[in-house]
Structure formats: C-alpha cells, structure tokens
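Shown below: target.cif, with mmCIF, N, CA and C atoms.
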data_model
loop_
_atom_site.label_atom_id
_atom_site.label_comp_id
_atom_site.auth_asym_id
_atom_site.auth_seq_id
_atom_site.Cartn_x
_atom_site.Cartn_y
_atom_site.Cartn_z
N MET A 110 -80.98 141.12 186.45
CA MET A 110 -81.92 142.10 185.93
C MET A 110 -81.51 142.59 184.54
N ALA A 111 -80.20 142.72 184.33
CA ALA A 111 -79.72 143.20 183.03
C ALA A 111 -80.06 142.20 181.92
N ARG A 112 -80.02 140.91 182.23
CA ARG A 112 -80.36 139.90 181.22
C ARG A 112 -81.83 139.97 180.85
N ILE A 113 -82.67 140.20 181.82
CA ILE A 113 -84.11 140.33 181.54
C ILE A 113 -84.35 141.56 180.68
N ALA A 114 -83.69 142.65 180.99
CA ALA A 114 -83.84 143.86 180.18
C ALA A 114 -83.35 143.64 178.76
N THR A 115 -82.27 142.89 178.62
CA THR A 115 -81.76 142.58 177.28
C THR A 115 -82.78 141.77 176.49
N VAL A 116 -83.38 140.79 177.12
CA VAL A 116 -84.40 139.98 176.45
C VAL A 116 -85.61 140.83 176.07
N VAL A 117 -86.02 141.70 176.96
CA VAL A 117 -87.18 142.56 176.70
C VAL A 117 -86.93 143.45 175.48
N VAL A 118 -85.69 143.87 175.29
CA VAL A 118 -85.37 144.73 174.15
C VAL A 118 -85.13 143.91 172.88
N LEU A 119 -84.33 142.84 172.99
CA LEU A 119 -83.91 142.12 171.79
C LEU A 119 -84.95 141.14 171.24
N LEU A 120 -85.74 140.54 172.08
CA LEU A 120 -86.73 139.57 171.60
C LEU A 120 -87.73 140.17 170.61
N PRO A 121 -88.31 141.34 170.89
CA PRO A 121 -89.21 141.93 169.88
C PRO A 121 -88.51 142.25 168.56
N ILE A 122 -87.24 142.68 168.64
CA ILE A 122 -86.49 142.96 167.41
C ILE A 122 -86.28 141.67 166.62
N LEU A 123 -85.89 140.61 167.31
CA LEU A 123 -85.68 139.32 166.66
C LEU A 123 -86.98 138.80 166.04
N LEU A 124 -88.06 138.84 166.77
CA LEU A 124 -89.34 138.36 166.24
C LEU A 124 -89.83 139.22 165.08
N ALA A 125 -89.64 140.52 165.16
CA ALA A 125 -90.03 141.39 164.05
C ALA A 125 -89.24 141.05 162.80
N GLY A 126 -87.95 140.82 162.97
CA GLY A 126 -87.13 140.43 161.83
C GLY A 126 -87.56 139.11 161.25
N LEU A 127 -87.84 138.15 162.10
CA LEU A 127 -88.26 136.82 161.64
C LEU A 127 -89.55 136.88 160.84
N PHE A 128 -90.52 137.66 161.30
CA PHE A 128 -91.83 137.67 160.67
C PHE A 128 -92.01 138.74 159.60
N LEU A 129 -91.20 139.80 159.64
CA LEU A 129 -91.45 140.92 158.72
C LEU A 129 -90.40 141.09 157.63
N LEU A 130 -89.19 140.64 157.85
CA LEU A 130 -88.15 140.83 156.84
C LEU A 130 -88.24 139.77 155.75
N PRO A 131 -87.94 140.14 154.52
CA PRO A 131 -87.79 139.12 153.47
C PRO A 131 -86.61 138.21 153.84
N ASN A 132 -86.58 137.01 153.28
CA ASN A 132 -85.59 136.02 153.68
C ASN A 132 -84.15 136.50 153.50
N LEU A 133 -83.86 137.19 152.42
CA LEU A 133 -82.50 137.69 152.20
C LEU A 133 -82.10 138.66 153.31
N TRP A 134 -82.99 139.59 153.63
CA TRP A 134 -82.69 140.57 154.68
C TRP A 134 -82.62 139.90 156.05
N TRP A 135 -83.42 138.89 156.27
CA TRP A 135 -83.37 138.14 157.53
C TRP A 135 -82.01 137.46 157.68
N SER A 136 -81.55 136.82 156.60
CA SER A 136 -80.25 136.15 156.68
C SER A 136 -79.12 137.15 156.90
N LEU A 137 -79.21 138.32 156.28
CA LEU A 137 -78.20 139.36 156.48
C LEU A 137 -78.29 139.95 157.89
N PHE A 138 -79.50 140.07 158.41
CA PHE A 138 -79.73 140.58 159.76
C PHE A 138 -79.03 139.69 160.81
N LEU A 139 -78.98 138.39 160.54
CA LEU A 139 -78.39 137.44 161.49
C LEU A 139 -76.86 137.37 161.40
N LEU A 140 -76.29 137.83 160.29
CA LEU A 140 -74.85 137.70 160.10
C LEU A 140 -73.98 138.43 161.13
N PRO A 141 -74.33 139.64 161.56
CA PRO A 141 -73.48 140.27 162.59
C PRO A 141 -73.35 139.43 163.86
N ALA A 142 -74.40 138.75 164.23
CA ALA A 142 -74.32 137.88 165.41
C ALA A 142 -73.34 136.74 165.17
N VAL A 143 -73.35 136.18 163.95
CA VAL A 143 -72.42 135.11 163.62
C VAL A 143 -70.99 135.64 163.65
N LEU A 144 -70.78 136.84 163.12
CA LEU A 144 -69.44 137.41 163.12
C LEU A 144 -68.94 137.71 164.54
N MET A 145 -69.81 138.22 165.38
CA MET A 145 -69.41 138.46 166.77
C MET A 145 -69.08 137.14 167.47
N ALA A 146 -69.88 136.11 167.19
CA ALA A 146 -69.61 134.80 167.77
C ALA A 146 -68.30 134.23 167.23
N ALA A 147 -67.99 134.50 165.96
CA ALA A 147 -66.73 134.03 165.38
C ALA A 147 -65.53 134.68 166.07
N VAL A 148 -65.65 135.96 166.36
CA VAL A 148 -64.57 136.65 167.08
C VAL A 148 -64.40 136.05 168.47
N GLU A 149 -65.50 135.81 169.15
CA GLU A 149 -65.43 135.20 170.48
C GLU A 149 -64.83 133.79 170.41
N TRP A 150 -65.24 133.03 169.40
CA TRP A 150 -64.70 131.68 169.24
C TRP A 150 -63.19 131.74 169.00
N GLY A 151 -62.77 132.66 168.16
CA GLY A 151 -61.34 132.82 167.91
C GLY A 151 -60.58 133.20 169.16
N ASP A 152 -61.20 134.01 170.00
CA ASP A 152 -60.58 134.39 171.26
C ASP A 152 -60.46 133.17 172.18
N LEU A 153 -61.52 132.37 172.26
CA LEU A 153 -61.47 131.14 173.06
C LEU A 153 -60.42 130.16 172.53
N ALA A 154 -60.27 130.13 171.20
CA ALA A 154 -59.30 129.23 170.58
C ALA A 154 -57.87 129.74 170.73
N GLY A 155 -57.72 130.99 171.13
CA GLY A 155 -56.39 131.55 171.31
C GLY A 155 -55.75 132.04 170.02
N TRP A 156 -56.57 132.31 169.00
CA TRP A 156 -56.04 132.78 167.72
C TRP A 156 -55.69 134.25 167.80
N ASN A 157 -54.75 134.66 166.96
CA ASN A 157 -54.42 136.08 166.87
C ASN A 157 -55.48 136.79 166.02
N VAL A 158 -55.33 138.08 165.85
CA VAL A 158 -56.33 138.87 165.11
C VAL A 158 -56.47 138.37 163.68
N ARG A 159 -55.36 138.04 163.06
CA ARG A 159 -55.41 137.53 161.68
C ARG A 159 -56.19 136.23 161.58
N GLY A 160 -55.99 135.33 162.55
CA GLY A 160 -56.72 134.07 162.57
C GLY A 160 -58.21 134.28 162.78
N ARG A 161 -58.56 135.22 163.63
CA ARG A 161 -59.98 135.53 163.86
C ARG A 161 -60.62 136.12 162.62
N CYS A 162 -59.89 137.00 161.94
CA CYS A 162 -60.41 137.60 160.70
C CYS A 162 -60.61 136.53 159.63
N PHE A 163 -59.65 135.62 159.51
CA PHE A 163 -59.77 134.53 158.54
C PHE A 163 -60.98 133.66 158.85
N PHE A 164 -61.14 133.33 160.12
CA PHE A 164 -62.28 132.50 160.53
C PHE A 164 -63.60 133.22 160.25
N GLY A 165 -63.68 134.50 160.57
CA GLY A 165 -64.89 135.27 160.28
C GLY A 165 -65.19 135.31 158.79
N ALA A 166 -64.15 135.50 157.97
CA ALA A 166 -64.35 135.51 156.52
C ALA A 166 -64.81 134.14 156.02
N LEU A 167 -64.23 133.09 156.57
CA LEU A 167 -64.65 131.73 156.20
C LEU A 167 -66.12 131.50 156.53
N LEU A 168 -66.55 131.97 157.69
CA LEU A 168 -67.95 131.82 158.07
C LEU A 168 -68.86 132.61 157.14
N LEU A 169 -68.45 133.83 156.79
CA LEU A 169 -69.26 134.64 155.86
C LEU A 169 -69.41 133.95 154.51
N VAL A 170 -68.32 133.44 153.99
CA VAL A 170 -68.37 132.74 152.70
C VAL A 170 -69.23 131.49 152.81
N SER A 171 -69.08 130.76 153.90
CA SER A 171 -69.90 129.56 154.11
C SER A 171 -71.38 129.90 154.18
N CYS A 172 -71.71 130.93 154.94
CA CYS A 172 -73.11 131.33 155.06
C CYS A 172 -73.67 131.79 153.72
N ALA A 173 -72.88 132.53 152.97
CA ALA A 173 -73.34 132.99 151.66
C ALA A 173 -73.60 131.79 150.74
N GLY A 174 -72.69 130.86 150.72
CA GLY A 174 -72.87 129.68 149.88
C GLY A 174 -74.06 128.83 150.30
N LEU A 175 -74.21 128.61 151.59
CA LEU A 175 -75.32 127.81 152.08
C LEU A 175 -76.65 128.53 151.91
N GLY A 176 -76.64 129.84 152.06
CA GLY A 176 -77.87 130.61 151.87
C GLY A 176 -78.37 130.55 150.44
N CYS A 177 -77.45 130.41 149.49
CA CYS A 177 -77.83 130.32 148.08
C CYS A 177 -78.30 128.93 147.68
N ALA A 178 -78.04 127.93 148.52
CA ALA A 178 -78.37 126.55 148.17
C ALA A 178 -79.87 126.30 148.06
N GLY A 179 -80.66 127.09 148.72
CA GLY A 179 -82.10 126.89 148.66
C GLY A 179 -82.57 125.94 149.74
N PRO A 180 -83.75 126.21 150.27
CA PRO A 180 -84.27 125.39 151.38
C PRO A 180 -84.59 123.97 150.94
N GLY A 181 -84.39 123.05 151.86
CA GLY A 181 -84.74 121.66 151.61
C GLY A 181 -83.75 120.92 150.74
N SER A 182 -82.59 121.47 150.52
CA SER A 182 -81.61 120.81 149.66
C SER A 182 -80.91 119.69 150.41
N ALA A 183 -80.21 118.87 149.67
CA ALA A 183 -79.43 117.79 150.28
C ALA A 183 -78.31 118.37 151.13
N VAL A 184 -77.83 119.55 150.77
CA VAL A 184 -76.79 120.21 151.55
C VAL A 184 -77.32 120.54 152.94
N ASP A 185 -78.53 121.08 153.00
CA ASP A 185 -79.16 121.38 154.30
C ASP A 185 -79.25 120.12 155.15
N ALA A 186 -79.76 119.06 154.54
CA ALA A 186 -79.95 117.81 155.28
C ALA A 186 -78.62 117.27 155.79
N ALA A 187 -77.58 117.30 154.97
CA ALA A 187 -76.27 116.80 155.39
C ALA A 187 -75.69 117.65 156.50
N LEU A 188 -75.83 118.97 156.37
CA LEU A 188 -75.29 119.87 157.38
C LEU A 188 -76.00 119.69 158.72
N PHE A 189 -77.33 119.62 158.69
CA PHE A 189 -78.07 119.44 159.93
C PHE A 189 -77.81 118.07 160.55
N ALA A 190 -77.62 117.04 159.72
CA ALA A 190 -77.30 115.71 160.23
C ALA A 190 -75.92 115.71 160.89
N ALA A 191 -74.95 116.38 160.25
CA ALA A 191 -73.60 116.46 160.83
C ALA A 191 -73.62 117.21 162.15
N ALA A 192 -74.38 118.30 162.21
CA ALA A 192 -74.47 119.07 163.45
C ALA A 192 -75.15 118.25 164.55
N ALA A 193 -76.20 117.53 164.21
CA ALA A 193 -76.89 116.70 165.20
C ALA A 193 -75.96 115.60 165.71
N LEU A 194 -75.22 115.00 164.81
CA LEU A 194 -74.27 113.96 165.21
C LEU A 194 -73.18 114.54 166.12
N PHE A 195 -72.71 115.72 165.78
CA PHE A 195 -71.71 116.39 166.61
C PHE A 195 -72.24 116.59 168.03
N TRP A 196 -73.45 117.15 168.14
CA TRP A 196 -74.00 117.45 169.46
C TRP A 196 -74.41 116.19 170.22
N ALA A 197 -74.85 115.16 169.51
CA ALA A 197 -75.32 113.94 170.18
C ALA A 197 -74.20 112.98 170.54
N VAL A 198 -73.11 112.98 169.77
CA VAL A 198 -72.05 111.99 170.00
C VAL A 198 -70.74 112.66 170.45
N ALA A 199 -70.26 113.59 169.65
CA ALA A 199 -68.93 114.15 169.92
C ALA A 199 -68.89 114.99 171.19
N VAL A 200 -69.87 115.85 171.39
CA VAL A 200 -69.84 116.73 172.56
C VAL A 200 -69.93 115.94 173.88
N PRO A 201 -70.84 114.97 174.01
CA PRO A 201 -70.85 114.21 175.26
C PRO A 201 -69.52 113.48 175.53
N MET A 202 -68.91 112.94 174.46
CA MET A 202 -67.62 112.27 174.64
C MET A 202 -66.54 113.28 175.02
N TRP A 203 -66.58 114.43 174.39
CA TRP A 203 -65.62 115.49 174.66
C TRP A 203 -65.70 115.90 176.14
N ILE A 204 -66.92 116.05 176.62
CA ILE A 204 -67.12 116.46 178.02
C ILE A 204 -66.73 115.33 178.98
N ALA A 205 -67.14 114.11 178.66
CA ALA A 205 -66.83 112.98 179.54
C ALA A 205 -65.33 112.75 179.68
N CYS A 206 -64.59 112.95 178.61
CA CYS A 206 -63.14 112.74 178.64
C CYS A 206 -62.38 113.98 179.12
N GLU A 207 -63.13 115.07 179.34
CA GLU A 207 -62.53 116.34 179.76
C GLU A 207 -61.38 116.74 178.84
N TRP A 208 -61.63 116.62 177.55
CA TRP A 208 -60.62 116.89 176.53
C TRP A 208 -60.43 118.38 176.36
N ARG A 209 -59.19 118.84 176.38
CA ARG A 209 -58.85 120.24 176.11
C ARG A 209 -58.20 120.30 174.75
N CYS A 210 -58.89 120.87 173.81
CA CYS A 210 -58.39 120.95 172.45
C CYS A 210 -57.54 122.21 172.29
N THR A 211 -56.39 122.04 171.67
CA THR A 211 -55.54 123.19 171.38
C THR A 211 -55.17 123.26 169.91
N HIS A 212 -55.54 122.26 169.14
CA HIS A 212 -55.19 122.24 167.72
C HIS A 212 -56.06 123.24 166.96
N PRO A 213 -55.45 124.17 166.23
CA PRO A 213 -56.22 125.22 165.55
C PRO A 213 -57.23 124.68 164.53
N LEU A 214 -56.87 123.62 163.80
CA LEU A 214 -57.79 123.08 162.81
C LEU A 214 -59.02 122.47 163.46
N VAL A 215 -58.82 121.71 164.54
CA VAL A 215 -59.95 121.12 165.26
C VAL A 215 -60.84 122.21 165.84
N MET A 216 -60.23 123.24 166.39
CA MET A 216 -61.01 124.36 166.93
C MET A 216 -61.78 125.08 165.82
N GLY A 217 -61.18 125.20 164.65
CA GLY A 217 -61.86 125.85 163.53
C GLY A 217 -63.06 125.04 163.04
N VAL A 218 -62.87 123.75 162.87
CA VAL A 218 -63.98 122.89 162.42
C VAL A 218 -65.09 122.87 163.46
N THR A 219 -64.71 122.77 164.72
CA THR A 219 -65.70 122.77 165.80
C THR A 219 -66.47 124.09 165.83
N GLY A 220 -65.76 125.19 165.70
CA GLY A 220 -66.42 126.50 165.68
C GLY A 220 -67.37 126.63 164.50
N TRP A 221 -66.95 126.11 163.36
CA TRP A 221 -67.81 126.16 162.17
C TRP A 221 -69.10 125.38 162.42
N ILE A 222 -68.96 124.19 162.99
CA ILE A 222 -70.14 123.35 163.26
C ILE A 222 -71.04 123.99 164.32
N VAL A 223 -70.45 124.69 165.27
CA VAL A 223 -71.23 125.31 166.33
C VAL A 223 -71.96 126.56 165.83
N LEU A 224 -71.40 127.27 164.85
CA LEU A 224 -71.96 128.56 164.45
C LEU A 224 -72.77 128.54 163.15
N VAL A 225 -72.34 127.80 162.16
CA VAL A 225 -73.01 127.88 160.85
C VAL A 225 -74.36 127.16 160.81
N PRO A 226 -74.49 125.91 161.27
CA PRO A 226 -75.80 125.27 161.22
C PRO A 226 -76.91 126.03 161.97
N PRO A 227 -76.65 126.60 163.16
CA PRO A 227 -77.72 127.38 163.79
C PRO A 227 -78.13 128.60 162.97
N TRP A 228 -77.15 129.26 162.34
CA TRP A 228 -77.49 130.39 161.46
C TRP A 228 -78.40 129.92 160.35
N LEU A 229 -78.02 128.80 159.70
CA LEU A 229 -78.83 128.29 158.59
C LEU A 229 -80.22 127.86 159.07
N ALA A 230 -80.30 127.27 160.25
CA ALA A 230 -81.60 126.86 160.79
C ALA A 230 -82.49 128.08 161.01
N LEU A 231 -81.92 129.15 161.54
CA LEU A 231 -82.71 130.38 161.74
C LEU A 231 -83.14 130.99 160.41
N VAL A 232 -82.28 130.92 159.41
CA VAL A 232 -82.64 131.43 158.08
C VAL A 232 -83.77 130.59 157.50
N ARG A 233 -83.70 129.28 157.68
CA ARG A 233 -84.71 128.39 157.11
C ARG A 233 -86.03 128.44 157.86
N LEU A 234 -86.07 129.07 159.03
CA LEU A 234 -87.34 129.22 159.74
C LEU A 234 -88.40 129.93 158.91
N GLN A 235 -87.96 130.82 158.04
CA GLN A 235 -88.90 131.58 157.23
C GLN A 235 -89.42 130.82 156.01
N THR A 236 -88.76 129.75 155.62
CA THR A 236 -89.14 129.08 154.37
C THR A 236 -90.02 127.89 154.61
#
Any chance you could give the structure as structure tokens?
Amino acid sequence: MARIATVVVLLPILLAGLFLLPNLWWSLFLLPAVLMAAVEWGDLAGWNVRGRCFFGALLLVSCAGLGCAGPGSAVDAALFAAAALFWAVAVPMWIACEWRCTHPLVMGVTGWIVLVPPWLALVRLQT
C-alpha cells in the first residue's frame, strides 16, 4: 500500500516537471535522484564516505558535461549505445556467471553506466 501511495504522490510531480519545467530546470530537478542513487550505489559497492562523495561528484560533473552537449549529439548516441550494449550483453553474462564484483573501479564504471544514461535519457525526453 505504501508503494501505491508513493506513486500517487510522486507521479504527478514527475509528470508536472517533465511537461512544465524548462529543460535546464528539469535536468536539475532530476539530479537529487541521481545523487541519492550514487550514495546507494556506493553503499552497495562497499565504499567509505569519501568514496561515495567522490562518486557523487563525478556523476554531477558527468551530468553537467553531458547536459551541455546538446540533444542529438554524437556523444548522446555513443553513450546510449554503450548503455544498451551493457544491458544487452554484459548484464546477462554477469548474471549467468553469478559474478560478484569487488573491484572498486569496475563498480564505479558500472554505477556510472547504470545511473548517467538514464538521467540523460530523461533530460532528452523534453527535446
């Protein structure tokens, strides 16, 4: 029941932001969710507070840079292609092999691929 109540409250806010906010404000509106997800990812990766802060800062810088690239750029296409390849090839293999990753760099790259392309896709929904 709590999940349904959450959807009832958050969905209208999300849709209002998508349709009513200018693109810059929409992209900024989505950033707190990315930062919260970065903290959770860092926790799953077993990083200390400093590592989580670094990862969150890296995501913010990445989002700022990608947001400035402009819609329909080659950067967008490459990023979305890399994310699609990750989800279509790497994740099924990862699951099939029951691989447990503990390397911080691999966890960081994986977290970046899991969090940044969806943020950019949501930002590009308006353009």
query = Which residues come within 8 Å of region 153-157 of chain A, counting all atoms listed in the file, excluding same-chain residues fewer than 3 positions away, as an MDAnalysis selection string?
reply = chainID A and resid 147:150 160:163 210:213 216:217
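Neighbouring residues of region 181-192 of chain A at 8 Å or closer, counting only N, CA and C atoms and skipping chain neighbours under 4 positions away, are Leu175, Trp196, Ala197, Val198, Ile222, Val223, Val225, Pro226, Pro227, Arg233 and Thr236 of chain A.
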query = atom N of Leu124 (chain A) to atom N of Leu224 (chain A): how many Å, to one decimal?
reply = 20.4 Å
ask   = atom N of Leu127 (chain A) to CA of Val143 (chain A): how many Å, to one decimal?
value = 15.8 Å
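The spacing separating atom C of Leu137 (chain A) from atom C of Ala230 (chain A) amounts to 13.0 Å.
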ask   = Of the residues A:Leu129, A:Leu168, A:Met202, A:Ile113, which is the one nearest to Leu144 (chain A), using only N, CA and C atoms?
value = A:Leu168
